[in-house]
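To start, the structure under review is shown below, and the notes come after it.
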Amino acid sequence: MAELKKDNRPPFRNLASVDPYKLFASLHTPAFVIDEAQLIYDGEILKKVQEDTGCRILLAQKCFSNYDLYPLLENYVAGTEASGLYEARLGKEEMPNKEVHTFCGAFREEEFDEVLKYSDHLVFNSVNQLKKFGKKAKDSGKSIGLRINPEVSTQVGHDIYNPCAPGSRLGVTLKNFEEQMDEDTLSLLDGIHFHTLCQQNSIDLETTLKVVEEKFGKYFHNLSWINFGGGHHITREDYDIARLERLIKHVQDTYNVLVYLEPGEATCLNAGYLVSKVLDTFDNGDFHIGILDTSAACHMPDVVEMPYLPPLYQTDLEGYDYKIRLGSQTCLSGDVIGDFSFPGPIKEGDMLIFGDMALYTTVKTNTFNGMPLPGIYLLKKDYSIETIATFGYDDFKHRLGKSK
Ligand SMILES: *Cc1c(COP(=O)(O)O)cnc(C)c1O
């Protein structure tokens, strides 16, 4: 590659004092590298919000479930948030001294006892589910919540991450709440949960909260907690923490409740890399193409689903105009990571380092097309590298059939 500029963007903050190409040279690629220093950086911000307001922050495990890091994360969060039985169990097993809060679109009858065993808070997605399971959960000493849908969309463009989009199945609308709720069922409630944001600032929380209070506030006075869900990009540089803290205190003071937040992304923002290598390059018409040993579809599916262009170390910086389309070795035409601007051509064997790759990646990988799963490594504060897990052919084979 031609002469490269320094890359001071936040996803690469902790690589500023080292040569990451040397640092990662011994890794078998593709490889996820989790950045301990950045997890601590993010954690300290979350800890401060909890200290300032008395609220409690939970790790949303659907975003990040690398439990080898839970002993570190538990210094910064009050517990884990789970989307069902498996995550509840993981939270209980791997962060055993902290709270487990479980929300599920619908709980299954036959697994509910086990869900109860692992969870401290149960949050139901419909009045029907609350009626079905609420009393049993309450009788076994659990704290009971209902997820509401305030029907206020503050995000535009990607309904895949918008629980307030028309026809949403997530949360109880005011109409359903008032038609279906009865006194006995209402008296089961210890808390209310809403989750409506995605990568958003606290101004959008303010907009949401205003509607939540107007519509549902009259039901809040006998509660002990209100859970603001996730999607708060608290650890992002431009996030307005003062406003968040004001909103938390307002709700805690007005309704005499404890506020919970359950961010995923904010707990591990910028705290990981996906290290890959160039396998081949060629031109196709006007396009310069690079084939990598990683895959958008298999290793960073949000790039395709959202979609978004992930940050790639030392590319897309000012003054670079040599565009290269980077894609994977799979057969899926759309398995393209994106068009990135480089200072010049790349060649076989070059290392490419994608940033902000801790969130919604290791939890979403798959072996479509027989793609190997990237190994998972930890970059320690002292820049030594520890192996967390490696994978091989058996991991691909075992989930497709009988093991012989
Ligand atoms: C996804 C989700 C979260 C975490 O969202 P982030 O955008 O990663 O902060 C929290 N709570 C619920 C119910 C969710 O579905």
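Note on naming: chains are A, B, ... as they come in the structure tokens, residues start from 1 per chain, ligands start from 1 in the order shown.
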*Test item, strand (DSSP E or B) assignment across segment 122-329 of chain A, answer as a count of residues only*: 49
*If you run DSSP on this backbone, which residues of segment 240-327 of chain A come out as alpha helix (DSSP H), and could you give them as number ranges by chain?*
A: 241-255, 265-268, 296-299, 302-305
Store the residues picked out above, limited to N, CA, C and O atoms, as a short mmCIF file (atom, residue, chain, number, x, y, z; two decimals), in the first residue's frame.
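Saved the output as result31.cif:
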data_model
loop_
_atom_site.label_atom_id
_atom_site.label_comp_id
_atom_site.auth_asym_id
_atom_site.auth_seq_id
_atom_site.Cartn_x
_atom_site.Cartn_y
_atom_site.Cartn_z
N ILE A 241 -24.82 13.70 27.69
CA ILE A 241 -25.03 12.95 28.94
C ILE A 241 -25.81 13.78 29.97
O ILE A 241 -26.63 13.25 30.71
N ALA A 242 -25.57 15.10 29.96
CA ALA A 242 -26.27 15.95 30.94
C ALA A 242 -27.78 15.85 30.75
O ALA A 242 -28.54 15.77 31.72
N ARG A 243 -28.22 15.83 29.50
CA ARG A 243 -29.65 15.73 29.24
C ARG A 243 -30.19 14.36 29.70
O ARG A 243 -31.25 14.27 30.31
N LEU A 244 -29.43 13.31 29.40
CA LEU A 244 -29.83 11.97 29.85
C LEU A 244 -30.02 11.96 31.37
O LEU A 244 -31.03 11.46 31.89
N GLU A 245 -29.05 12.52 32.06
CA GLU A 245 -29.11 12.50 33.53
C GLU A 245 -30.30 13.31 34.04
O GLU A 245 -30.95 12.92 35.01
N ARG A 246 -30.57 14.41 33.36
CA ARG A 246 -31.74 15.22 33.73
C ARG A 246 -33.03 14.40 33.58
O ARG A 246 -33.91 14.43 34.43
N LEU A 247 -33.13 13.67 32.48
CA LEU A 247 -34.34 12.89 32.20
C LEU A 247 -34.50 11.74 33.21
O LEU A 247 -35.61 11.46 33.67
N ILE A 248 -33.39 11.10 33.52
CA ILE A 248 -33.43 10.02 34.51
C ILE A 248 -33.92 10.55 35.85
O ILE A 248 -34.83 9.99 36.48
N LYS A 249 -33.33 11.68 36.28
CA LYS A 249 -33.71 12.24 37.58
C LYS A 249 -35.16 12.70 37.58
O LYS A 249 -35.87 12.52 38.57
N HIS A 250 -35.59 13.28 36.46
CA HIS A 250 -36.98 13.73 36.36
C HIS A 250 -37.94 12.56 36.60
O HIS A 250 -38.89 12.67 37.38
N VAL A 251 -37.68 11.44 35.94
CA VAL A 251 -38.58 10.29 36.07
C VAL A 251 -38.49 9.69 37.48
O VAL A 251 -39.50 9.35 38.10
N GLN A 252 -37.28 9.61 37.99
CA GLN A 252 -37.11 9.03 39.34
C GLN A 252 -37.81 9.88 40.39
O GLN A 252 -38.45 9.36 41.30
N ASP A 253 -37.70 11.22 40.23
CA ASP A 253 -38.30 12.12 41.22
C ASP A 253 -39.81 12.19 41.07
O ASP A 253 -40.54 12.22 42.06
N THR A 254 -40.30 12.24 39.83
CA THR A 254 -41.73 12.40 39.60
C THR A 254 -42.53 11.18 40.06
O THR A 254 -43.60 11.30 40.65
N TYR A 255 -42.00 9.99 39.77
CA TYR A 255 -42.80 8.78 40.02
C TYR A 255 -42.25 7.93 41.17
O TYR A 255 -42.78 6.86 41.46
N GLU A 265 -24.97 -1.35 22.53
CA GLU A 265 -23.87 -0.70 21.82
C GLU A 265 -23.00 0.17 22.72
O GLU A 265 -21.78 0.16 22.61
N ALA A 266 -23.64 0.94 23.61
CA ALA A 266 -22.87 1.88 24.42
C ALA A 266 -21.90 1.16 25.36
O ALA A 266 -20.89 1.73 25.77
N THR A 267 -22.17 -0.10 25.68
CA THR A 267 -21.29 -0.83 26.59
C THR A 267 -19.98 -1.24 25.92
O THR A 267 -18.99 -1.50 26.60
N CYS A 268 -20.01 -1.31 24.60
CA CYS A 268 -18.81 -1.81 23.91
C CYS A 268 -18.54 -1.04 22.62
O CYS A 268 -17.93 -1.57 21.70
N ALA A 296 -19.12 -9.82 4.92
CA ALA A 296 -20.15 -8.99 5.54
C ALA A 296 -21.29 -9.88 6.02
O ALA A 296 -21.74 -9.78 7.16
N ALA A 297 -21.74 -10.78 5.16
CA ALA A 297 -22.90 -11.62 5.48
C ALA A 297 -22.64 -12.54 6.68
O ALA A 297 -23.54 -12.80 7.47
N CYS A 298 -21.42 -13.02 6.82
CA CYS A 298 -21.13 -14.00 7.88
C CYS A 298 -20.54 -13.39 9.14
O CYS A 298 -20.73 -13.93 10.22
N HIS A 299 -19.82 -12.31 9.02
CA HIS A 299 -19.07 -11.82 10.18
C HIS A 299 -19.51 -10.44 10.66
O HIS A 299 -19.22 -10.07 11.79
N ASP A 302 -24.76 -6.77 10.06
CA ASP A 302 -25.41 -5.46 10.10
C ASP A 302 -24.99 -4.56 8.94
O ASP A 302 -25.73 -3.66 8.54
N VAL A 303 -23.80 -4.81 8.42
CA VAL A 303 -23.32 -4.03 7.27
C VAL A 303 -24.30 -4.21 6.10
O VAL A 303 -24.58 -3.28 5.36
N VAL A 304 -24.86 -5.42 5.99
CA VAL A 304 -25.82 -5.71 4.92
C VAL A 304 -27.25 -5.37 5.37
O VAL A 304 -28.04 -4.84 4.60
N GLU A 305 -27.57 -5.66 6.63
CA GLU A 305 -28.95 -5.51 7.09
C GLU A 305 -29.35 -4.06 7.35
O GLU A 305 -30.48 -3.67 7.14
#
*Could the residues that lie within 6 Å of ligand 1, counting only C-alpha atoms and all ligand atoms, be listed as a ChimeraX atom specification?*
/A:60,63,195,198-199,229-232,262-265
Need to verify the contact set: segment 310-323 of chain A, 9 Å, only C-alpha atoms, exclusion of same-chain residues closer than 6 positions in sequence. Can you return it as a CSV table (one decimal) with C-alpha atoms, in the first residue's frame?
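Output file part30.csv is given in full below:
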chain,number,residue,atom,x,y,z
A,4,LEU,CA,-0.8,5.9,4.8
A,5,LYS,CA,-2.0,8.8,7.0
A,6,LYS,CA,-2.6,8.6,10.8
A,7,ASP,CA,-6.1,7.6,11.6
A,8,ASN,CA,-7.4,9.5,14.7
A,9,ARG,CA,-11.0,8.4,14.4
A,11,PRO,CA,-12.8,3.5,16.6
A,12,PHE,CA,-9.0,3.5,16.3
A,287,PHE,CA,-14.3,-0.9,-10.3
A,288,HIS,CA,-11.2,-1.9,-8.4
A,289,ILE,CA,-12.1,-5.0,-6.5
A,303,VAL,CA,-23.3,-4.0,7.3
A,337,ILE,CA,-18.5,-4.7,2.7
A,338,GLY,CA,-18.5,-1.5,0.8
A,339,ASP,CA,-16.6,0.9,-1.4
A,340,PHE,CA,-13.6,2.4,0.6
A,341,SER,CA,-11.2,5.2,-0.5
A,342,PHE,CA,-7.5,4.3,-0.2
A,343,PRO,CA,-4.4,6.2,-1.1
A,344,GLY,CA,-3.7,3.6,-3.9
A,345,PRO,CA,-4.0,0.0,-4.9
A,352,LEU,CA,-7.2,-4.6,6.7
A,353,ILE,CA,-8.5,-3.6,10.1
A,354,PHE,CA,-12.2,-2.8,10.5
A,355,GLY,CA,-13.2,-0.8,13.6
A,356,ASP,CA,-16.1,-0.8,16.0
A,357,MET,CA,-16.4,-4.5,15.6
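Nearest residue to Thr235 of chain A among A:Phe133, A:Phe32, A:Tyr360, A:Tyr41 is A:Tyr41, counting only C-alpha atoms.
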*Please identify all polymer residues within 9 Å of Leu58 of chain A, counting only C-alpha atoms, omitting same-chain residues fewer than 5 positions from it, and present them as a PyMOL selection string.*
chain A and resi 76-81+99-101+260-264+267
For the residues selected in the previous step, produce a file with N, CA, C and O atoms as a PDB file, in the first residue's frame.
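Contents of result_25.pdb, as written:
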ATOM      1  N   TYR A  76     -18.877  -2.304  35.899  1.00  0.00           N
ATOM      2  CA  TYR A  76     -19.515  -1.106  35.333  1.00  0.00           C
ATOM      3  C   TYR A  76     -21.016  -1.218  35.152  1.00  0.00           C
ATOM      4  O   TYR A  76     -21.666  -0.227  34.864  1.00  0.00           O
ATOM      5  N   VAL A  77     -21.574  -2.425  35.230  1.00  0.00           N
ATOM      6  CA  VAL A  77     -23.020  -2.577  35.038  1.00  0.00           C
ATOM      7  C   VAL A  77     -23.639  -3.275  36.252  1.00  0.00           C
ATOM      8  O   VAL A  77     -22.954  -3.967  37.004  1.00  0.00           O
ATOM      9  N   ALA A  78     -24.956  -3.064  36.382  1.00  0.00           N
ATOM     10  CA  ALA A  78     -25.684  -3.654  37.505  1.00  0.00           C
ATOM     11  C   ALA A  78     -26.152  -5.060  37.198  1.00  0.00           C
ATOM     12  O   ALA A  78     -26.702  -5.743  38.059  1.00  0.00           O
ATOM     13  N   GLY A  79     -25.976  -5.482  35.944  1.00  0.00           N
ATOM     14  CA  GLY A  79     -26.417  -6.816  35.565  1.00  0.00           C
ATOM     15  C   GLY A  79     -26.568  -6.942  34.072  1.00  0.00           C
ATOM     16  O   GLY A  79     -26.039  -6.135  33.312  1.00  0.00           O
ATOM     17  N   THR A  80     -27.327  -7.968  33.681  1.00  0.00           N
ATOM     18  CA  THR A  80     -27.485  -8.252  32.263  1.00  0.00           C
ATOM     19  C   THR A  80     -28.957  -8.196  31.869  1.00  0.00           C
ATOM     20  O   THR A  80     -29.845  -8.444  32.687  1.00  0.00           O
ATOM     21  N   GLU A  81     -29.174  -7.911  30.593  1.00  0.00           N
ATOM     22  CA  GLU A  81     -30.517  -7.972  30.018  1.00  0.00           C
ATOM     23  C   GLU A  81     -30.522  -9.113  29.031  1.00  0.00           C
ATOM     24  O   GLU A  81     -29.560  -9.302  28.280  1.00  0.00           O
ATOM     25  N   GLU A  99     -27.933  -8.586  38.652  1.00  0.00           N
ATOM     26  CA  GLU A  99     -29.329  -8.784  38.244  1.00  0.00           C
ATOM     27  C   GLU A  99     -29.432  -9.350  36.826  1.00  0.00           C
ATOM     28  O   GLU A  99     -28.616  -9.037  35.974  1.00  0.00           O
ATOM     29  N   VAL A 100     -30.465 -10.147  36.602  1.00  0.00           N
ATOM     30  CA  VAL A 100     -30.800 -10.598  35.250  1.00  0.00           C
ATOM     31  C   VAL A 100     -32.230 -10.135  34.946  1.00  0.00           C
ATOM     32  O   VAL A 100     -33.158 -10.471  35.689  1.00  0.00           O
ATOM     33  N   HIS A 101     -32.368  -9.366  33.876  1.00  0.00           N
ATOM     34  CA  HIS A 101     -33.687  -8.893  33.451  1.00  0.00           C
ATOM     35  C   HIS A 101     -34.013  -9.546  32.120  1.00  0.00           C
ATOM     36  O   HIS A 101     -33.237  -9.434  31.178  1.00  0.00           O
ATOM     37  N   TYR A 260     -33.925   2.077  35.050  1.00  0.00           N
ATOM     38  CA  TYR A 260     -32.951   1.167  34.440  1.00  0.00           C
ATOM     39  C   TYR A 260     -32.719   1.577  32.989  1.00  0.00           C
ATOM     40  O   TYR A 260     -33.661   2.008  32.308  1.00  0.00           O
ATOM     41  N   LEU A 261     -31.488   1.426  32.532  1.00  0.00           N
ATOM     42  CA  LEU A 261     -31.171   1.534  31.105  1.00  0.00           C
ATOM     43  C   LEU A 261     -30.520   0.220  30.729  1.00  0.00           C
ATOM     44  O   LEU A 261     -29.827  -0.388  31.543  1.00  0.00           O
ATOM     45  N   GLU A 262     -30.734  -0.217  29.496  1.00  0.00           N
ATOM     46  CA  GLU A 262     -30.111  -1.478  29.086  1.00  0.00           C
ATOM     47  C   GLU A 262     -29.474  -1.341  27.706  1.00  0.00           C
ATOM     48  O   GLU A 262     -29.905  -1.979  26.754  1.00  0.00           O
ATOM     49  N   PRO A 263     -28.433  -0.516  27.607  1.00  0.00           N
ATOM     50  CA  PRO A 263     -27.772  -0.334  26.324  1.00  0.00           C
ATOM     51  C   PRO A 263     -26.947  -1.560  25.947  1.00  0.00           C
ATOM     52  O   PRO A 263     -26.415  -2.253  26.813  1.00  0.00           O
ATOM     53  N   GLY A 264     -26.877  -1.823  24.664  1.00  0.00           N
ATOM     54  CA  GLY A 264     -25.939  -2.820  24.159  1.00  0.00           C
ATOM     55  C   GLY A 264     -24.725  -2.092  23.601  1.00  0.00           C
ATOM     56  O   GLY A 264     -23.620  -2.153  24.144  1.00  0.00           O
ATOM     57  N   THR A 267     -22.169  -0.098  25.682  1.00  0.00           N
ATOM     58  CA  THR A 267     -21.286  -0.827  26.592  1.00  0.00           C
ATOM     59  C   THR A 267     -19.979  -1.242  25.919  1.00  0.00           C
ATOM     60  O   THR A 267     -18.992  -1.498  26.600  1.00  0.00           O
TER      61      THR A 267
END
*asked:* Set the distance at 10 Å and use only C-alpha atoms: which residues neighbour segment 370-375 of chain A once local chain neighbours fewer than 6 positions away are removed? I'd like the list as a count of residues only.
replied: 30
*If you count only C-alpha atoms, which residues fall within 7 Å of Ile226 of chain A, apart from same-chain ones fewer than 4 positions away, as an MDAnalysis selection string?*
chainID A and resid 191:193 257:260
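Going from atom CA of Gln180 of chain A to atom CA of Lys132 of chain A covers 12.9 Å.
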_Length of the atom CA of Phe124 of chain A to atom CA of Glu93 of chain A vector [Å]_ = 22.5 Å
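One distance worth recording is that between atom CA of Leu269 of chain A and atom CA of Glu151 of chain A, which is 27.4 Å.
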*Between A:Asn201, A:Ser26, A:Asn222, A:Ser83, which has the minimum distance to Phe103 of chain A (counting only C-alpha atoms)?*
A:Ser83
*Tell me which protein, DNA and RNA residues are within 9 Å of Ser143 of chain A, counting only C-alpha atoms, leaving out same-chain ones fewer than 5 positions away, and put them as JSON, numbers by chain.*
{"A": [120, 121, 122, 123, 137, 138, 188, 189, 190, 191]}
Give me a file of those residues, with N, CA and C atoms, as a compact mmCIF listing (two decimals), in the first residue's frame.
# COMPACT_ATOMS: atom_id res chain seq x y z
N ASP A 120 -34.33 -12.13 37.49
CA ASP A 120 -34.83 -11.33 38.62
C ASP A 120 -36.03 -10.49 38.18
N HIS A 121 -35.93 -9.94 36.97
CA HIS A 121 -37.04 -9.18 36.40
C HIS A 121 -37.57 -9.92 35.17
N LEU A 122 -38.89 -9.99 35.05
CA LEU A 122 -39.52 -10.55 33.85
C LEU A 122 -40.32 -9.44 33.20
N VAL A 123 -40.07 -9.21 31.92
CA VAL A 123 -40.81 -8.17 31.21
C VAL A 123 -41.60 -8.82 30.09
N ALA A 137 -44.92 -15.70 38.18
CA ALA A 137 -43.63 -15.04 38.34
C ALA A 137 -43.61 -14.22 39.63
N LYS A 138 -44.71 -13.53 39.87
CA LYS A 138 -44.82 -12.70 41.08
C LYS A 138 -44.74 -13.58 42.33
N LEU A 188 -50.32 -6.49 39.35
CA LEU A 188 -49.11 -7.33 39.30
C LEU A 188 -47.86 -6.52 38.93
N LEU A 189 -48.08 -5.37 38.30
CA LEU A 189 -46.95 -4.65 37.70
C LEU A 189 -46.06 -3.94 38.72
N ASP A 190 -44.75 -4.24 38.63
CA ASP A 190 -43.75 -3.50 39.40
C ASP A 190 -43.08 -2.45 38.53
N GLY A 191 -43.15 -2.66 37.22
CA GLY A 191 -42.42 -1.73 36.36
C GLY A 191 -42.96 -1.67 34.96
